[in-house]
Amino acid sequence: MTLIGAHGEVLHPAIIWMDTRSEPQCEALRQHCGDEILRINGKSPAPYNADPVLMWLQAEAPGLVDTARCSLTTTGYLNFRLTNEPVMNVSDASILLRLIWRRGAGRRR
């Protein structure tokens with residue numbers, strides 16, 4: 001994940017998917033709202049999800065997240081650099097806990 005500032009600048013070094021520093025935040029999410037997240041998204045919070053990473057960044061660098069225009073995955077950042085538009089592809093949405101799981105979605109009949 002990469003935080004992008006108001007003028008397109010990178011605010012913090014990118015945090016890659018295998019970084020586990022946000023595991024305590026994942027555990028807090030699992031304890032407080034894990035069932036709800038699982039019901040909506042079909043996944044349990046993990047360190048490669050954006051929400052725990054943003055929570056970790058907020059704790060480690062107070063105010064940094066508040067100054068960000070957006071947060072982007074690696075593919076989102078590459079697209080941003082090419083187009084200057086922050087975008088998210090569908091495959092990244094589930095990684096970020098942004099996908100709403102619907103039973104039967106994507107199935108062909």
# chains A, B, ... in the order shown; residues from 1 in each chain; ligands from 1

call {"tool": "select_by_dssp", "arguments": {"residues": "chain A", "states": "strand (DSSP E)", "output": "list in words"}}
result
Thr2, Leu3, Ile4, Cys70, Ser71 and Leu72 of chain A

call {"tool": "write_last_selection", "arguments": {"atoms": "N, CA and C atoms", "output": "PDB file, in the first residue's frame"}}
result
ATOM      1  N   THR A   2       0.468   2.222  -0.748  1.00  0.00           N
ATOM      2  CA  THR A   2       1.187   3.487  -0.832  1.00  0.00           C
ATOM      3  C   THR A   2       0.210   4.622  -0.549  1.00  0.00           C
ATOM      4  N   LEU A   3       0.582   5.498   0.371  1.00  0.00           N
ATOM      5  CA  LEU A   3      -0.237   6.681   0.660  1.00  0.00           C
ATOM      6  C   LEU A   3       0.161   7.799  -0.289  1.00  0.00           C
ATOM      7  N   ILE A   4      -0.832   8.421  -0.898  1.00  0.00           N
ATOM      8  CA  ILE A   4      -0.611   9.498  -1.863  1.00  0.00           C
ATOM      9  C   ILE A   4      -1.144  10.803  -1.276  1.00  0.00           C
ATOM     10  N   CYS A  70      -5.308   9.461  -0.905  1.00  0.00           N
ATOM     11  CA  CYS A  70      -5.797   8.097  -1.087  1.00  0.00           C
ATOM     12  C   CYS A  70      -4.690   7.124  -0.716  1.00  0.00           C
ATOM     13  N   SER A  71      -5.055   5.866  -0.618  1.00  0.00           N
ATOM     14  CA  SER A  71      -4.073   4.796  -0.467  1.00  0.00           C
ATOM     15  C   SER A  71      -4.256   3.853  -1.653  1.00  0.00           C
ATOM     16  N   LEU A  72      -3.146   3.378  -2.188  1.00  0.00           N
ATOM     17  CA  LEU A  72      -3.190   2.566  -3.400  1.00  0.00           C
ATOM     18  C   LEU A  72      -2.382   1.289  -3.243  1.00  0.00           C
TER      19      LEU A  72
END

call {"tool": "residues_around", "arguments": {"residues": "Gln58 (chain A)", "least_positions_apart": "3", "cutoff": "12 Å", "atoms": "only C-alpha atoms", "output": "list in words"}}
result
Leu3, His12, Ser22, Gln25, Asp51, Pro52, Val53, Leu54, Met55, Ala61, Pro62, Gly63, Leu64, Val65, Asp66, Thr67 and Ala68 of chain A

call {"tool": "residues_around", "arguments": {"residues": "region 42-46 of chain A", "least_positions_apart": "2", "cutoff": "7 Å", "atoms": "only C-alpha atoms", "output": "ChimeraX atom specification"}}
result
/A:23,26,29-30,34,37-40,48-49,101

call {"tool": "write_last_selection", "arguments": {"atoms": "N, CA and C atoms", "output": "compact mmCIF listing (two decimals), in the first residue's frame"}}
result
# COMPACT_ATOMS: atom_id res chain seq x y z
N GLU A 23 -0.42 -7.01 12.39
CA GLU A 23 -1.12 -8.15 12.98
C GLU A 23 -1.89 -7.78 14.25
N CYS A 26 -5.07 -6.38 13.15
CA CYS A 26 -5.93 -7.45 12.60
C CYS A 26 -6.64 -8.16 13.73
N LEU A 29 -9.45 -6.07 15.05
CA LEU A 29 -10.59 -6.11 14.15
C LEU A 29 -11.33 -7.44 14.25
N ARG A 30 -10.59 -8.54 14.32
CA ARG A 30 -11.23 -9.85 14.44
C ARG A 30 -12.02 -9.94 15.73
N GLY A 34 -14.97 -8.99 13.59
CA GLY A 34 -14.54 -10.01 12.64
C GLY A 34 -15.69 -10.74 11.97
N ILE A 37 -17.24 -8.43 9.35
CA ILE A 37 -16.37 -8.31 8.18
C ILE A 37 -16.45 -9.59 7.35
N LEU A 38 -16.43 -10.74 8.01
CA LEU A 38 -16.52 -12.01 7.30
C LEU A 38 -17.85 -12.13 6.55
N ARG A 39 -18.94 -11.70 7.18
CA ARG A 39 -20.25 -11.76 6.54
C ARG A 39 -20.30 -10.87 5.30
N ILE A 40 -19.74 -9.68 5.39
CA ILE A 40 -19.80 -8.71 4.28
C ILE A 40 -18.79 -9.05 3.19
N TYR A 48 -2.25 -8.21 5.14
CA TYR A 48 -2.18 -7.73 3.75
C TYR A 48 -3.40 -6.90 3.36
N ASN A 49 -4.38 -6.78 4.27
CA ASN A 49 -5.55 -5.92 4.01
C ASN A 49 -5.21 -4.48 4.34
N TRP A 101 -19.20 -9.15 -0.54
CA TRP A 101 -19.47 -10.49 -1.03
C TRP A 101 -20.97 -10.71 -1.12

call {"tool": "closest_residue", "arguments": {"among": "A:Leu11, A:Ala28, A:Ala6, A:Asn89", "to": "Leu57 (chain A)", "atoms": "only C-alpha atoms"}}
result
A:Leu11

call {"tool": "closest_residue", "arguments": {"among": "A:Glu36, A:Glu60, A:Thr73, A:Glu27", "to": "Met1 (chain A)", "atoms": "only C-alpha atoms"}}
result
A:Thr73

call {"tool": "atom_distance", "arguments": {"atom1": "CA of Gly8 (chain A)", "atom2": "CA of Phe80 (chain A)"}}
result
8.6 Å

call {"tool": "atom_distance", "arguments": {"atom1": "CA of Gly76 (chain A)", "atom2": "CA of Met88 (chain A)"}}
result
5.6 Å

call {"tool": "atom_distance", "arguments": {"atom1": "CA of Pro47 (chain A)", "atom2": "CA of His7 (chain A)"}}
result
27.8 Å

call {"tool": "select_by_dssp", "arguments": {"residues": "region 7-106 of chain A", "states": "alpha helix (DSSP H)", "output": "ChimeraX atom specification"}}
result
/A:23-41,50-60,64-67,74-83,90-95
